[in-house]
Amino acid sequence: MRINNSNLENNSIFTFEDKNKEYEAQIQNITFVCSQIQPGYAQYVKELADHYDEKLSAIIRFMLPDIEEMYGIHDMEIIKAALGNAFIDLDNKTLSYLEHTLDDVHIIDVEFDGVFETFYSVAIDG
């Protein structure tokens with residue numbers, strides 16, 4: 001069940017997901033989640049969504065060594081088509097691909113900072 005938190009700023013982009021006990025926002029096929037809405041999160045979400053497409057090549061280049069090792073794929077266009085929708089945990093600054101089509105077992109996580117300006121690690125877990 002989704003409920004709007006009336007204590008949040010007007011026109012909040014977040015709704016509370018009772019099932020997962022977290023706040024969620026959906027913009028441009030990107031799902032954003034957090035346990036508590038921090039000041040500036042609404043603006044940060046909009047910036048991340050606005051810059052995601054232009055930063056996607058840099059994200060893929062950062063993931064490329066891990067994807068090559070795991071799947072043997074090095075074509076960035078194939079990877080881009082396989083990633084699917086992004087899922088971003090604002091609390092942990094983690095970008096995840098939960099529904100990618102490279103396989104049906106693993107989740108791909110990328111730790112980042114800023115508006116996809118710095119990347120720290122890639123994890124492919126299953």
# chains A, B, ... in the order shown; residues from 1 in each chain; ligands from 1
>>> closest_atom_pairs(of="stretch 71-123 of chain A", to="stretch 56-62 of chain A", cutoff="12 Å", atoms="only C-alpha atoms", output="tab-separated table")
residue	atom	partner	partner_atom	distance
A:Ile73	CA	A:Ile60	CA	11.6
A:His74	CA	A:Arg61	CA	9.5
A:Asp75	CA	A:Ile60	CA	9.9
A:Met76	CA	A:Ile60	CA	6.8
A:Glu77	CA	A:Ser57	CA	9.2
A:Ile78	CA	A:Ile60	CA	10.5
A:Ile79	CA	A:Ile60	CA	7.5
A:Lys80	CA	A:Ile60	CA	7.3
A:Ala81	CA	A:Ile60	CA	11.1
A:Ala82	CA	A:Ile60	CA	11.1
A:Leu83	CA	A:Ile60	CA	9.5
A:Gly84	CA	A:Leu56	CA	11.8
A:Asn85	CA	A:Leu56	CA	11.8
A:Ala86	CA	A:Leu56	CA	10.5
A:Thr94	CA	A:Ile59	CA	11.9
A:Leu95	CA	A:Ile59	CA	9.5
A:Ser96	CA	A:Ile59	CA	11.2
A:Tyr97	CA	A:Ile60	CA	11.6
A:Ile108	CA	A:Ile60	CA	11.2
A:Asp109	CA	A:Ile59	CA	10.9
A:Val110	CA	A:Ile59	CA	8.2
A:Glu111	CA	A:Ile59	CA	10.2
A:Phe112	CA	A:Ile59	CA	9.3
A:Asp113	CA	A:Ile59	CA	11.8
A:Val115	CA	A:Ile59	CA	11.2
A:Phe116	CA	A:Ile59	CA	7.6
A:Glu117	CA	A:Ala58	CA	8.9
A:Thr118	CA	A:Ile59	CA	9.5
A:Phe119	CA	A:Phe62	CA	7.3
A:Tyr120	CA	A:Phe62	CA	9.0
A:Ser121	CA	A:Phe62	CA	8.5
A:Val122	CA	A:Phe62	CA	8.0
A:Ala123	CA	A:Phe62	CA	11.5
>>> select_by_dssp(residues="chain A", states="helix (DSSP H, G or I)", output="number ranges by chain")
A: 41-71, 76-83
>>> atom_distance(atom1="atom CA of A:Lys46", atom2="atom CA of A:Ile30")
10.5 Å
